[in-house]
>>> print(open('target26.cif').read())   # mmCIF, C-alpha atoms and all ligand atoms
data_model
loop_
_atom_site.label_atom_id
_atom_site.label_comp_id
_atom_site.auth_asym_id
_atom_site.auth_seq_id
_atom_site.Cartn_x
_atom_site.Cartn_y
_atom_site.Cartn_z
CA MET A 1 -6.99 -15.10 44.12
CA ASN A 2 -5.26 -17.94 42.39
CA ARG A 3 -1.88 -18.88 41.05
CA SER A 4 -2.31 -16.97 37.86
CA SER A 5 -2.87 -13.69 39.66
CA VAL A 6 0.26 -14.34 41.74
CA ARG A 7 2.18 -15.05 38.57
CA THR A 8 0.81 -11.86 37.03
CA ARG A 9 1.99 -9.89 40.03
CA ARG A 10 5.45 -11.43 39.73
CA GLU A 11 5.52 -10.68 36.02
CA PHE A 12 4.51 -7.13 36.78
CA LEU A 13 7.49 -6.77 39.12
CA ILE A 14 9.83 -8.29 36.55
CA ASP A 15 8.45 -5.95 33.90
CA THR A 16 8.89 -2.96 36.19
CA ALA A 17 12.51 -3.95 36.75
CA ARG A 18 12.99 -4.34 33.00
CA ILE A 19 11.49 -0.93 32.30
CA ALA A 20 13.89 0.61 34.81
CA ALA A 21 16.84 -1.24 33.27
CA LEU A 22 15.82 -0.28 29.76
CA ALA A 23 15.31 3.36 30.71
CA THR A 24 18.77 3.45 32.28
CA ALA A 25 20.29 1.74 29.25
CA ASN A 26 18.57 4.15 26.89
CA SER A 27 19.59 7.28 28.71
CA SER A 28 23.21 6.19 29.10
CA GLN A 29 23.34 5.16 25.45
CA ALA A 30 21.83 8.48 24.41
CA ALA A 31 24.41 10.32 26.49
CA GLU A 32 27.33 8.34 25.05
CA THR A 33 26.42 8.56 21.39
CA SER A 34 24.32 11.73 21.38
CA LEU A 35 21.50 9.79 19.75
CA PRO A 36 18.01 11.12 20.44
CA LYS A 37 16.84 9.78 23.75
CA VAL A 38 14.39 6.95 23.37
CA SER A 39 11.29 7.52 25.48
CA ASN A 40 11.61 6.28 29.04
CA SER A 41 8.18 4.78 28.66
CA ALA A 42 9.68 2.15 26.32
CA PRO A 43 7.88 -1.06 27.25
CA PRO A 44 9.78 -4.21 28.14
CA ILE A 45 10.38 -6.60 25.30
CA GLN A 46 7.94 -9.39 25.90
CA GLN A 47 9.47 -12.83 26.04
CA ARG A 48 8.34 -14.56 22.86
CA ARG A 49 9.01 -17.92 21.34
CA GLN A 50 9.80 -16.25 18.05
CA ALA A 51 9.83 -12.82 16.43
CA SER A 52 6.51 -11.49 15.12
CA ILE A 53 6.94 -9.63 11.85
CA ALA A 54 3.94 -7.71 10.52
CA ILE A 55 3.58 -5.82 7.26
CA SER A 56 1.10 -2.95 7.46
CA LEU A 57 0.01 -0.58 4.71
CA ASP A 58 -2.06 2.56 5.16
CA LEU A 59 -4.45 3.05 2.26
CA GLU A 60 -4.33 6.78 1.60
CA MET A 61 -2.76 9.23 -0.79
CA ALA A 62 0.28 11.21 0.39
CA ARG A 63 1.54 14.69 -0.39
CA ASN A 64 4.75 14.74 -2.53
CA PHE A 65 3.89 11.45 -4.26
CA PRO A 66 4.01 10.36 -7.00
CA ARG A 67 5.38 13.81 -7.97
CA TRP A 68 7.12 16.06 -5.46
CA GLU A 69 4.80 18.98 -6.32
CA ASP A 70 1.63 16.97 -5.57
CA ALA A 71 0.00 18.70 -2.59
CA HIS A 72 -3.72 18.32 -3.25
CA TRP A 73 -3.85 14.92 -1.55
CA ASP A 74 -3.88 16.68 1.83
CA PHE A 75 -7.53 17.50 1.08
CA GLU A 76 -8.50 14.13 -0.36
CA LYS A 77 -6.43 11.54 1.45
CA GLY A 78 -8.97 8.78 0.89
CA LEU A 79 -9.39 9.17 -2.86
CA LEU A 80 -6.84 6.57 -3.94
CA ASN A 81 -5.61 6.57 -7.53
CA ALA A 82 -5.53 3.50 -9.75
CA GLU A 83 -1.77 2.97 -9.29
CA ALA A 84 -1.97 2.88 -5.49
CA LYS A 85 -4.86 0.40 -5.58
CA ALA A 86 -3.10 -1.88 -8.06
CA TYR A 87 0.05 -1.73 -5.93
CA ALA A 88 -1.85 -2.67 -2.77
CA LEU A 89 -3.37 -5.69 -4.51
CA GLU A 90 -0.09 -6.93 -5.96
CA ALA A 91 1.76 -6.47 -2.64
CA ALA A 92 -1.02 -8.45 -0.94
CA ARG A 93 -0.80 -11.22 -3.53
CA ARG A 94 2.97 -11.52 -3.09
CA VAL A 95 2.91 -11.64 0.69
CA ARG A 96 0.02 -14.15 0.62
CA ALA A 97 2.06 -16.37 -1.70
CA ARG A 98 4.79 -16.35 0.96
CA GLY A 99 2.36 -17.46 3.68
CA GLY A 100 1.66 -14.06 5.24
CA VAL A 101 -0.94 -11.32 5.13
CA ILE A 102 -0.78 -7.55 4.98
CA HIS A 103 -2.62 -5.57 7.65
CA PHE A 104 -4.27 -2.67 5.82
CA PHE A 105 -5.66 0.50 7.40
CA VAL A 106 -8.32 2.23 5.34
CA VAL A 107 -9.15 5.95 5.12
CA GLY A 108 -12.94 5.73 4.97
CA ARG A 109 -13.53 8.28 2.24
CA VAL A 110 -12.35 5.68 -0.27
CA PHE A 111 -15.75 4.03 0.16
CA GLU A 112 -17.28 6.97 -1.70
CA GLN A 113 -15.58 5.64 -4.84
CA ASP A 114 -17.76 3.64 -7.18
CA ASP A 115 -15.56 0.57 -7.59
CA ILE A 116 -14.38 -1.03 -4.37
CA GLU A 117 -13.83 -4.48 -5.85
CA TRP A 118 -10.11 -4.25 -4.96
CA LEU A 119 -10.99 -3.86 -1.25
CA LYS A 120 -13.42 -6.77 -1.45
CA GLN A 121 -10.66 -8.81 -3.00
CA LEU A 122 -8.19 -7.93 -0.23
CA HIS A 123 -10.79 -9.04 2.32
CA ARG A 124 -11.55 -12.27 0.43
CA LEU A 125 -7.83 -13.09 0.33
CA GLY A 126 -7.74 -12.89 4.15
CA HIS A 127 -5.95 -9.57 4.63
CA PRO A 128 -7.24 -7.68 7.72
CA LEU A 129 -8.62 -4.19 7.11
CA GLY A 130 -8.48 -1.67 9.97
CA ASN A 131 -9.87 1.83 10.54
CA HIS A 132 -7.65 4.85 9.71
CA THR A 133 -10.46 7.43 10.25
CA TYR A 134 -12.70 8.76 7.48
CA ASP A 135 -10.64 11.86 6.57
CA HIS A 136 -7.24 11.09 8.08
CA VAL A 137 -7.83 13.30 11.13
CA TYR A 138 -5.31 14.20 13.81
CA VAL A 139 -6.79 12.48 16.86
CA LEU A 140 -4.86 14.60 19.38
CA ALA A 141 -6.23 17.88 17.96
CA THR A 142 -7.77 20.26 20.49
CA LYS A 143 -8.47 23.08 17.99
CA ALA A 144 -10.79 22.81 14.98
CA GLU A 145 -8.15 24.11 12.56
CA ASP A 146 -5.72 21.33 13.52
CA ILE A 147 -8.07 18.43 12.75
CA GLN A 148 -7.52 18.07 9.00
CA TYR A 149 -6.82 20.21 5.90
CA ARG A 150 -10.25 19.42 4.44
CA PHE A 151 -12.00 20.95 7.44
CA LYS A 152 -9.69 23.95 7.48
CA ARG A 153 -10.76 24.74 3.92
CA ALA A 154 -14.40 23.75 4.49
CA PRO A 155 -15.08 24.54 8.16
CA TRP A 156 -18.87 24.36 7.65
CA LEU A 157 -18.52 20.57 7.52
CA ILE A 158 -17.74 20.49 11.24
CA GLN A 159 -19.41 23.67 12.42
CA GLY A 160 -20.92 23.61 15.90
CA LYS A 161 -19.00 20.52 16.98
CA THR A 162 -16.13 20.24 19.42
CA PRO A 163 -12.84 18.80 18.11
CA SER A 164 -13.25 15.66 20.22
CA GLN A 165 -16.77 15.18 18.80
CA VAL A 166 -15.49 15.60 15.22
CA ILE A 167 -12.68 13.12 15.84
CA ARG A 168 -14.98 10.54 17.40
CA GLU A 169 -17.51 10.87 14.56
CA ASN A 170 -14.76 10.65 11.95
CA ILE A 171 -13.62 7.33 13.40
CA GLU A 172 -17.21 6.06 13.56
CA LEU A 173 -17.87 7.16 9.96
CA CYS A 174 -14.99 5.00 8.73
CA SER A 175 -16.35 1.95 10.57
CA GLU A 176 -19.85 2.62 9.23
CA ALA A 177 -18.59 2.97 5.65
CA MET A 178 -16.69 -0.29 6.01
CA GLU A 179 -19.73 -2.11 7.39
CA THR A 180 -22.05 -0.66 4.76
CA ARG A 181 -19.96 -1.43 1.70
CA LEU A 182 -17.85 -4.42 2.80
CA GLY A 183 -20.06 -5.89 5.48
CA ILE A 184 -17.18 -6.14 7.94
CA LYS A 185 -16.08 -4.50 11.16
CA PRO A 186 -12.63 -2.89 11.22
CA ALA A 187 -9.66 -4.99 12.32
CA GLY A 188 -8.15 -2.48 14.74
CA PHE A 189 -7.40 1.22 14.52
CA ARG A 190 -4.34 3.17 13.44
CA THR A 191 -3.94 6.87 14.12
CA PRO A 192 -3.14 9.08 11.17
CA GLY A 193 0.43 10.11 11.95
CA GLY A 194 2.34 8.36 14.68
CA PHE A 195 3.19 9.83 18.08
CA SER A 196 6.55 9.29 19.75
CA ASP A 197 4.85 8.66 23.09
CA GLY A 198 1.73 7.05 21.66
CA LEU A 199 -1.44 8.13 23.45
CA ASN A 200 0.29 8.54 26.81
CA GLY A 201 -0.98 11.68 28.50
CA ARG A 202 -4.27 11.51 26.59
CA PRO A 203 -6.54 9.21 28.58
CA ASP A 204 -9.54 10.90 26.91
CA VAL A 205 -8.44 9.61 23.48
CA GLN A 206 -7.55 6.20 24.93
CA ASN A 207 -11.06 5.95 26.41
CA THR A 208 -12.76 7.14 23.21
CA LEU A 209 -11.07 4.38 21.23
CA LEU A 210 -11.87 1.74 23.82
CA ASN A 211 -15.48 2.92 23.98
CA LEU A 212 -15.72 2.70 20.20
CA GLY A 213 -14.96 -1.00 20.53
CA PHE A 214 -11.25 -1.11 19.71
CA ARG A 215 -9.28 -3.47 21.92
CA TRP A 216 -6.03 -2.43 20.29
CA VAL A 217 -4.70 0.53 18.35
CA SER A 218 -1.50 1.36 16.50
CA CYS A 219 -0.46 4.88 17.53
CA LYS A 220 3.13 4.98 18.67
CA TYR A 221 5.97 5.76 16.28
CA PRO A 222 9.11 6.15 18.36
CA ALA A 223 11.53 9.03 17.92
CA HIS A 224 14.63 8.29 15.86
CA PRO A 225 17.26 10.26 13.94
CA TYR A 226 16.78 11.25 10.27
CA SER A 227 19.50 12.02 7.75
CA GLN A 228 19.76 15.44 6.13
CA PRO A 229 17.29 15.55 3.21
CA GLY A 230 18.87 14.11 0.09
CA THR A 231 21.75 12.43 1.88
CA PRO A 232 22.03 8.70 2.55
CA PRO A 233 21.86 7.53 6.15
CA THR A 234 25.10 7.60 8.12
CA ALA A 235 26.04 4.65 10.33
CA GLU A 236 24.90 6.75 13.29
CA VAL A 237 21.46 7.35 11.78
CA LEU A 238 21.05 3.64 11.05
CA ARG A 239 22.18 2.79 14.59
CA GLY A 240 19.62 5.23 15.94
CA ILE A 241 16.83 3.65 13.88
CA VAL A 242 17.78 0.19 15.14
CA ALA A 243 17.97 1.49 18.72
CA ALA A 244 14.41 2.83 18.39
CA GLN A 245 13.05 -0.70 17.76
CA ALA A 246 13.05 -1.39 21.51
CA ALA A 247 10.63 1.52 21.92
CA ALA A 248 8.36 0.13 19.18
CA GLN A 249 7.20 -2.91 21.16
CA PRO A 250 3.55 -3.52 22.07
CA PHE A 251 2.31 -2.24 25.42
CA VAL A 252 -0.90 -1.64 27.36
CA TYR A 253 -2.36 1.73 28.43
CA PRO A 254 -3.78 2.05 31.97
CA ASN A 255 -7.34 1.58 30.66
CA GLY A 256 -6.42 -1.76 29.08
CA LEU A 257 -6.13 -0.55 25.49
CA VAL A 258 -3.20 -2.22 23.68
CA ASP A 259 -0.86 -0.27 21.38
CA VAL A 260 0.99 -2.11 18.63
CA PRO A 261 3.48 0.58 17.53
CA MET A 262 4.81 1.23 14.05
CA SER A 263 8.45 0.28 13.56
CA PRO A 264 10.75 2.93 12.13
CA ILE A 265 11.60 3.96 9.57
CA SER A 266 8.40 4.49 7.57
CA ASP A 267 8.39 5.01 3.82
CA VAL A 268 7.29 8.62 4.39
CA GLY A 269 10.26 9.19 6.72
CA ALA A 270 12.62 7.63 4.20
CA PHE A 271 11.33 9.04 0.91
CA ARG A 272 9.86 12.41 2.05
CA ASN A 273 11.82 13.51 5.12
CA CYS A 274 15.19 12.07 4.06
CA ARG A 275 14.61 11.74 0.28
CA TRP A 276 16.48 8.43 0.30
CA LYS A 277 17.01 6.06 -2.58
CA LEU A 278 15.36 2.65 -2.34
CA GLY A 279 18.64 0.96 -1.37
CA ASP A 280 18.90 3.08 1.79
CA PHE A 281 15.33 2.23 2.77
CA LEU A 282 15.99 -1.48 2.20
CA THR A 283 19.08 -1.29 4.40
CA ALA A 284 17.23 0.41 7.28
CA VAL A 285 14.26 -2.00 7.10
CA LYS A 286 16.58 -5.01 6.93
CA MET A 287 18.46 -3.89 10.05
CA GLY A 288 15.19 -3.37 11.93
CA VAL A 289 13.78 -6.77 10.97
CA GLU A 290 17.08 -8.46 11.87
CA TRP A 291 17.04 -6.74 15.28
CA ALA A 292 13.50 -8.03 15.87
CA ILE A 293 14.47 -11.57 14.86
CA GLU A 294 17.53 -11.52 17.10
CA HIS A 295 15.50 -10.27 20.09
CA LYS A 296 12.37 -12.37 19.41
CA ALA A 297 10.55 -9.05 19.28
CA VAL A 298 7.89 -7.38 17.14
CA TYR A 299 8.53 -5.51 13.90
CA ASP A 300 5.60 -3.70 12.34
CA PHE A 301 6.61 -2.52 8.89
CA LEU A 302 4.74 0.69 8.05
CA ALA A 303 4.29 1.95 4.51
CA HIS A 304 1.80 3.31 1.98
CA PRO A 305 1.10 1.97 -1.53
CA SER A 306 0.87 5.60 -2.72
CA VAL A 307 4.46 6.25 -1.59
CA LEU A 308 5.90 2.90 -2.56
CA TYR A 309 4.61 2.60 -6.13
CA PRO A 310 6.87 5.41 -7.35
CA ASN A 311 9.78 4.40 -5.07
CA ASP A 312 9.71 0.60 -5.01
CA PRO A 313 7.89 -0.42 -8.19
CA GLU A 314 9.28 -3.96 -8.06
CA PHE A 315 8.05 -4.69 -4.53
CA ARG A 316 11.59 -5.35 -3.33
CA THR A 317 10.85 -4.33 0.27
CA PHE A 318 8.10 -6.94 0.55
CA ASP A 319 10.21 -9.68 -1.01
CA MET A 320 13.10 -8.81 1.31
CA ILE A 321 10.99 -8.95 4.48
CA CYS A 322 9.50 -12.31 3.40
CA ASP A 323 13.01 -13.61 2.63
CA LEU A 324 14.34 -12.54 6.04
CA VAL A 325 11.47 -14.27 7.85
CA GLN A 326 11.87 -17.41 5.76
CA GLN A 327 15.63 -17.51 6.38
CA ALA A 328 15.00 -17.19 10.13
CA GLY A 329 13.06 -20.47 10.15
CA ASP A 330 11.43 -21.08 13.54
CA ARG A 331 12.86 -17.85 14.94
CA ALA A 332 10.33 -15.64 13.16
CA ARG A 333 6.89 -15.64 11.60
CA LEU A 334 4.84 -13.33 9.44
CA THR A 335 1.74 -12.22 11.30
CA ASP A 336 -0.82 -9.41 11.63
CA LEU A 337 -1.49 -6.78 14.28
CA ASP A 338 -4.57 -8.56 15.64
CA ALA A 339 -2.46 -11.60 16.51
CA ILE A 340 0.29 -9.45 18.03
CA ALA A 341 -2.24 -7.55 20.17
CA ARG A 342 -3.79 -10.82 21.39
CA GLU A 343 -0.40 -12.03 22.64
CA VAL A 344 0.14 -8.87 24.67
CA HIS A 345 -2.56 -9.93 27.13
CA LEU A 346 -1.12 -13.43 27.61
ZN ZN B 1 -2.10 7.71 7.39
#
>>> encode(input="target26.cif", output="structure tokens", more="lines below")
Ligand SMILES: [Zn+2]
Amino acid sequence: MNRSSVRTRREFLIDTARIAALATANSSQAAETSLPKVSNSAPPIQQRRQASIAISLDLEMARNFPRWEDAHWDFEKGLLNAEAKAYALEAARRVRARGGVIHFFVVGRVFEQDDIEWLKQLHRLGHPLGNHTYDHVYVLATKAEDIQYRFKRAPWLIQGKTPSQVIRENIELCSEAMETRLGIKPAGFRTPGGFSDGLNGRPDVQNTLLNLGFRWVSCKYPAHPYSQPGTPPTAEVLRGIVAAQAAAQPFVYPNGLVDVPMSPISDVGAFRNCRWKLGDFLTAVKMGVEWAIEHKAVYDFLAHPSVLYPNDPEFRTFDMICDLVQQAGDRARLTDLDAIAREVHL
């Protein structure tokens, strides 16, 4: 026993009080404005010296992009096209020029492609590359047919294995591909899809990830309102997205695994679910980043080069985030998810 453990105990009590206060605030706010209720498990906002703003891109193809009728990507998420790769590189170059990095998450099947020079370049430029599974599998699946489209069409690929075995192996395959072709270990793990309550209620998945060597993961994507498809966001929708930022703060699972959530709204939410124009997406992201700066909190921008190249060809979202951080001076910094996760244990 020493002073630090006493301090930790006191901090725990303060945090518990904050959680209770936040839960009360959330439920009363939800009742007043009929916004979707933010999860009561929303973690306390850690007291930081400055806001931590991360830019993260998942390297995968996405149904409905670049053309709305594109559906085949569901079966080949990792086979990136030339446009998505070029976009990832240029986004990385821009953010690097502004003093930041992009935290990428790689779908391992991309390592089956002949030319991976672009990934080597991202690594050489100092951008962290994390694991996003080999086939973009649903890590909470308990039935074989729910794991991934590829295995639904080609069930012989996973025959005789339990879903949890398939999921574990799919995560390991991505790390092995990364080590074989890039010579590096993954910088963290992000679940395909985000879950409004993260991995809460699934200690088996939390333990699998910890046992595979991940100290932190990025799994939670808090619930928030969407606009009707094809209509711009109302003030209420934007308010709801900003309100969800408090539920997108890093937290620790009982087994010690850290979650660095994704901050809404994602590009998929904006351009697929809501079918917004770029201006609407910029507005929502700006409000989220400004909230994080004001509260010295975390903002983890989540997007995909495959979705952004047809929707934001001039990289305006990246420039805007870098501008907001620069304008904030000492009140904010550009960072990556590794650094954010390290601070959670402090
Ligand atoms: Zn993904």
>>> atom_distance(input="target26.cif", atom1="atom CA of Leu182 of chain A", atom2="atom CA of Pro305 of chain A")
20.5 Å
>>> residues_near_ligand(input="target26.cif", ligand="ligand ZN 1 (chain B)", cutoff="7 Å", atoms="all atoms listed in the file", output="mmCIF file with C-alpha atoms, in the coordinates of the input")
data_model
loop_
_atom_site.group_PDB
_atom_site.id
_atom_site.type_symbol
_atom_site.label_atom_id
_atom_site.label_comp_id
_atom_site.auth_asym_id
_atom_site.auth_seq_id
_atom_site.Cartn_x
_atom_site.Cartn_y
_atom_site.Cartn_z
ATOM 1 C CA ASP A 58 -2.060 2.560 5.160
ATOM 2 C CA GLU A 60 -4.330 6.780 1.600
ATOM 3 C CA HIS A 132 -7.650 4.850 9.710
ATOM 4 C CA HIS A 136 -7.240 11.090 8.080
ATOM 5 C CA PRO A 192 -3.140 9.080 11.170
ATOM 6 C CA GLY A 193 0.430 10.110 11.950
#
>>> residues_around(input="target26.cif", residues="Asn273 of chain A", least_positions_apart="4", cutoff="10 Å", atoms="only C-alpha atoms", output="list in words")
Tyr226, Ser227, Gln228, Pro229, Gly230, Ser266, Asp267, Val268 and Gly269 of chain A
>>> atom_distance(input="target26.cif", atom1="atom CA of Ala339 of chain A", atom2="atom CA of Val139 of chain A")
24.5 Å
>>> axis_aligned_box(input="target26.cif", around="segment 90-104 of chain A", padding_each_side="8 Å", output="AutoDock Vina command-line options")
--center_x 0.3 --center_y -10.1 --center_z 0.8 --size_x 25.1 --size_y 30.8 --size_z 29.6
>>> residues_around(input="target26.cif", residues="Asp259 of chain A", least_positions_apart="5", cutoff="10 Å", atoms="all atoms listed in the file", output="ChimeraX atom specification")
/A:189-190,198-199,206,215-220,248-253,337,340-341,344
>>> atom_distance(input="target26.cif", atom1="atom CA of Ala270 of chain A", atom2="atom CA of Leu238 of chain A")
11.6 Å
>>> closest_residue(input="target26.cif", among="A:Thr231, A:Ser52, A:Gln121, A:Thr283", to="Ala86 of chain A", atoms="only C-alpha atoms")
A:Gln121
>>> closest_residue(input="target26.cif", among="A:Glu145, A:Asp74, A:Glu176, A:Asp135", to="Arg109 of chain A", atoms="only C-alpha atoms")
A:Asp135
>>> residues_around(input="target26.cif", residues="Phe271 of chain A", least_positions_apart="6", cutoff="12 Å", atoms="only C-alpha atoms", output="short mmCIF file (atom, residue, chain, number, x, y, z; two decimals) with C-alpha atoms, keeping the file's coordinate frame")
data_model
loop_
_atom_site.label_atom_id
_atom_site.label_comp_id
_atom_site.auth_asym_id
_atom_site.auth_seq_id
_atom_site.Cartn_x
_atom_site.Cartn_y
_atom_site.Cartn_z
CA ALA A 62 0.28 11.21 0.39
CA ARG A 63 1.54 14.69 -0.39
CA ASN A 64 4.75 14.74 -2.53
CA PHE A 65 3.89 11.45 -4.26
CA PRO A 66 4.01 10.36 -7.00
CA ARG A 67 5.38 13.81 -7.97
CA TRP A 68 7.12 16.06 -5.46
CA TYR A 226 16.78 11.25 10.27
CA SER A 227 19.50 12.02 7.75
CA GLN A 228 19.76 15.44 6.13
CA PRO A 229 17.29 15.55 3.21
CA GLY A 230 18.87 14.11 0.09
CA THR A 231 21.75 12.43 1.88
CA PRO A 232 22.03 8.70 2.55
CA PRO A 233 21.86 7.53 6.15
CA ILE A 265 11.60 3.96 9.57
CA LYS A 277 17.01 6.06 -2.58
CA LEU A 278 15.36 2.65 -2.34
CA GLY A 279 18.64 0.96 -1.37
CA ASP A 280 18.90 3.08 1.79
CA PHE A 281 15.33 2.23 2.77
CA LEU A 282 15.99 -1.48 2.20
CA ALA A 303 4.29 1.95 4.51
CA HIS A 304 1.80 3.31 1.98
CA SER A 306 0.87 5.60 -2.72
CA VAL A 307 4.46 6.25 -1.59
CA LEU A 308 5.90 2.90 -2.56
CA TYR A 309 4.61 2.60 -6.13
CA PRO A 310 6.87 5.41 -7.35
CA ASN A 311 9.78 4.40 -5.07
CA ASP A 312 9.71 0.60 -5.01
#
>>> residues_around(input="target26.cif", residues="Ala97 of chain A", least_positions_apart="2", cutoff="12 Å", atoms="only C-alpha atoms", output="ChimeraX atom specification")
/A:90-95,99-102,125-126,318-319,322,334
>>> write_last_selection(input="target26.cif", atoms="C-alpha atoms", output="short mmCIF file (atom, residue, chain, number, x, y, z; two decimals), in the frame of the given file")
data_model
loop_
_atom_site.label_atom_id
_atom_site.label_comp_id
_atom_site.auth_asym_id
_atom_site.auth_seq_id
_atom_site.Cartn_x
_atom_site.Cartn_y
_atom_site.Cartn_z
CA GLU A 90 -0.09 -6.93 -5.96
CA ALA A 91 1.76 -6.47 -2.64
CA ALA A 92 -1.02 -8.45 -0.94
CA ARG A 93 -0.80 -11.22 -3.53
CA ARG A 94 2.97 -11.52 -3.09
CA VAL A 95 2.91 -11.64 0.69
CA GLY A 99 2.36 -17.46 3.68
CA GLY A 100 1.66 -14.06 5.24
CA VAL A 101 -0.94 -11.32 5.13
CA ILE A 102 -0.78 -7.55 4.98
CA LEU A 125 -7.83 -13.09 0.33
CA GLY A 126 -7.74 -12.89 4.15
CA PHE A 318 8.10 -6.94 0.55
CA ASP A 319 10.21 -9.68 -1.01
CA CYS A 322 9.50 -12.31 3.40
CA LEU A 334 4.84 -13.33 9.44
#
>>> residues_near_point(input="target26.cif", point="(-12.8, 7.1, 10.2)", cutoff="6 Å", atoms="only C-alpha atoms", output="PyMOL selection string")
chain A and resi 108+132-134+170-174
>>> closest_residue(input="target26.cif", among="A:Ala144, A:Cys274, A:Leu122, A:Val242", to="Lys286 of chain A", atoms="all atoms listed in the file")
A:Val242
>>> closest_residue(input="target26.cif", among="A:Gly130, A:Ser263, A:Thr234, A:Pro313", to="Ala84 of chain A", atoms="only C-alpha atoms")
A:Pro313
>>> closest_residue(input="target26.cif", among="A:Pro222, A:Tyr149, A:Ile184, A:Glu69", to="Arg124 of chain A", atoms="only C-alpha atoms")
A:Ile184
>>> decode(input="target26.cif", residues="segment 128-172 of chain A", atoms="C-alpha atoms", output="mmCIF file, in the first residue's frame")
data_model
loop_
_atom_site.group_PDB
_atom_site.id
_atom_site.type_symbol
_atom_site.label_atom_id
_atom_site.label_comp_id
_atom_site.auth_asym_id
_atom_site.auth_seq_id
_atom_site.Cartn_x
_atom_site.Cartn_y
_atom_site.Cartn_z
ATOM 1 C CA PRO A 128 0.420 3.502 -36.983
ATOM 2 C CA LEU A 129 -1.228 0.478 -38.599
ATOM 3 C CA GLY A 130 -3.667 -1.573 -36.514
ATOM 4 C CA ASN A 131 -5.511 -4.873 -36.991
ATOM 5 C CA HIS A 132 -9.062 -4.810 -38.431
ATOM 6 C CA THR A 133 -9.296 -8.635 -38.805
ATOM 7 C CA TYR A 134 -8.426 -10.529 -41.986
ATOM 8 C CA ASP A 135 -11.923 -10.616 -43.537
ATOM 9 C CA HIS A 136 -13.763 -7.893 -41.632
ATOM 10 C CA VAL A 137 -15.535 -10.357 -39.338
ATOM 11 C CA TYR A 138 -18.257 -9.569 -36.817
ATOM 12 C CA VAL A 139 -16.507 -10.349 -33.537
ATOM 13 C CA LEU A 140 -19.738 -10.712 -31.541
ATOM 14 C CA ALA A 141 -21.102 -13.424 -33.876
ATOM 15 C CA THR A 142 -22.320 -16.597 -32.191
ATOM 16 C CA LYS A 143 -23.592 -18.271 -35.389
ATOM 17 C CA ALA A 144 -21.425 -19.212 -38.374
ATOM 18 C CA GLU A 145 -23.699 -17.431 -40.863
ATOM 19 C CA ASP A 146 -23.308 -14.115 -39.024
ATOM 20 C CA ILE A 147 -19.500 -13.989 -39.160
ATOM 21 C CA GLN A 148 -18.985 -12.516 -42.629
ATOM 22 C CA TYR A 149 -20.541 -12.572 -46.125
ATOM 23 C CA ARG A 150 -17.526 -14.394 -47.573
ATOM 24 C CA PHE A 151 -18.038 -17.334 -45.216
ATOM 25 C CA LYS A 152 -21.778 -17.376 -45.809
ATOM 26 C CA ARG A 153 -21.114 -17.871 -49.517
ATOM 27 C CA ALA A 154 -18.133 -20.192 -48.968
ATOM 28 C CA PRO A 155 -18.888 -22.017 -45.702
ATOM 29 C CA TRP A 156 -16.249 -24.696 -46.415
ATOM 30 C CA LEU A 157 -13.599 -22.115 -45.509
ATOM 31 C CA ILE A 158 -14.634 -22.295 -41.856
ATOM 32 C CA GLN A 159 -16.146 -25.760 -41.687
ATOM 33 C CA GLY A 160 -15.704 -27.660 -38.437
ATOM 34 C CA LYS A 161 -14.777 -24.576 -36.440
ATOM 35 C CA THR A 162 -16.785 -22.755 -33.815
ATOM 36 C CA PRO A 163 -17.601 -19.070 -34.451
ATOM 37 C CA SER A 164 -15.310 -17.970 -31.619
ATOM 38 C CA GLN A 165 -12.471 -20.057 -33.111
ATOM 39 C CA VAL A 166 -13.032 -18.527 -36.565
ATOM 40 C CA ILE A 167 -13.061 -15.018 -35.112
ATOM 41 C CA ARG A 168 -9.898 -15.572 -33.088
ATOM 42 C CA GLU A 169 -8.075 -17.074 -36.087
ATOM 43 C CA ASN A 170 -9.247 -14.249 -38.344
ATOM 44 C CA ILE A 171 -7.714 -11.699 -35.976
ATOM 45 C CA GLU A 172 -4.490 -13.726 -35.748
#
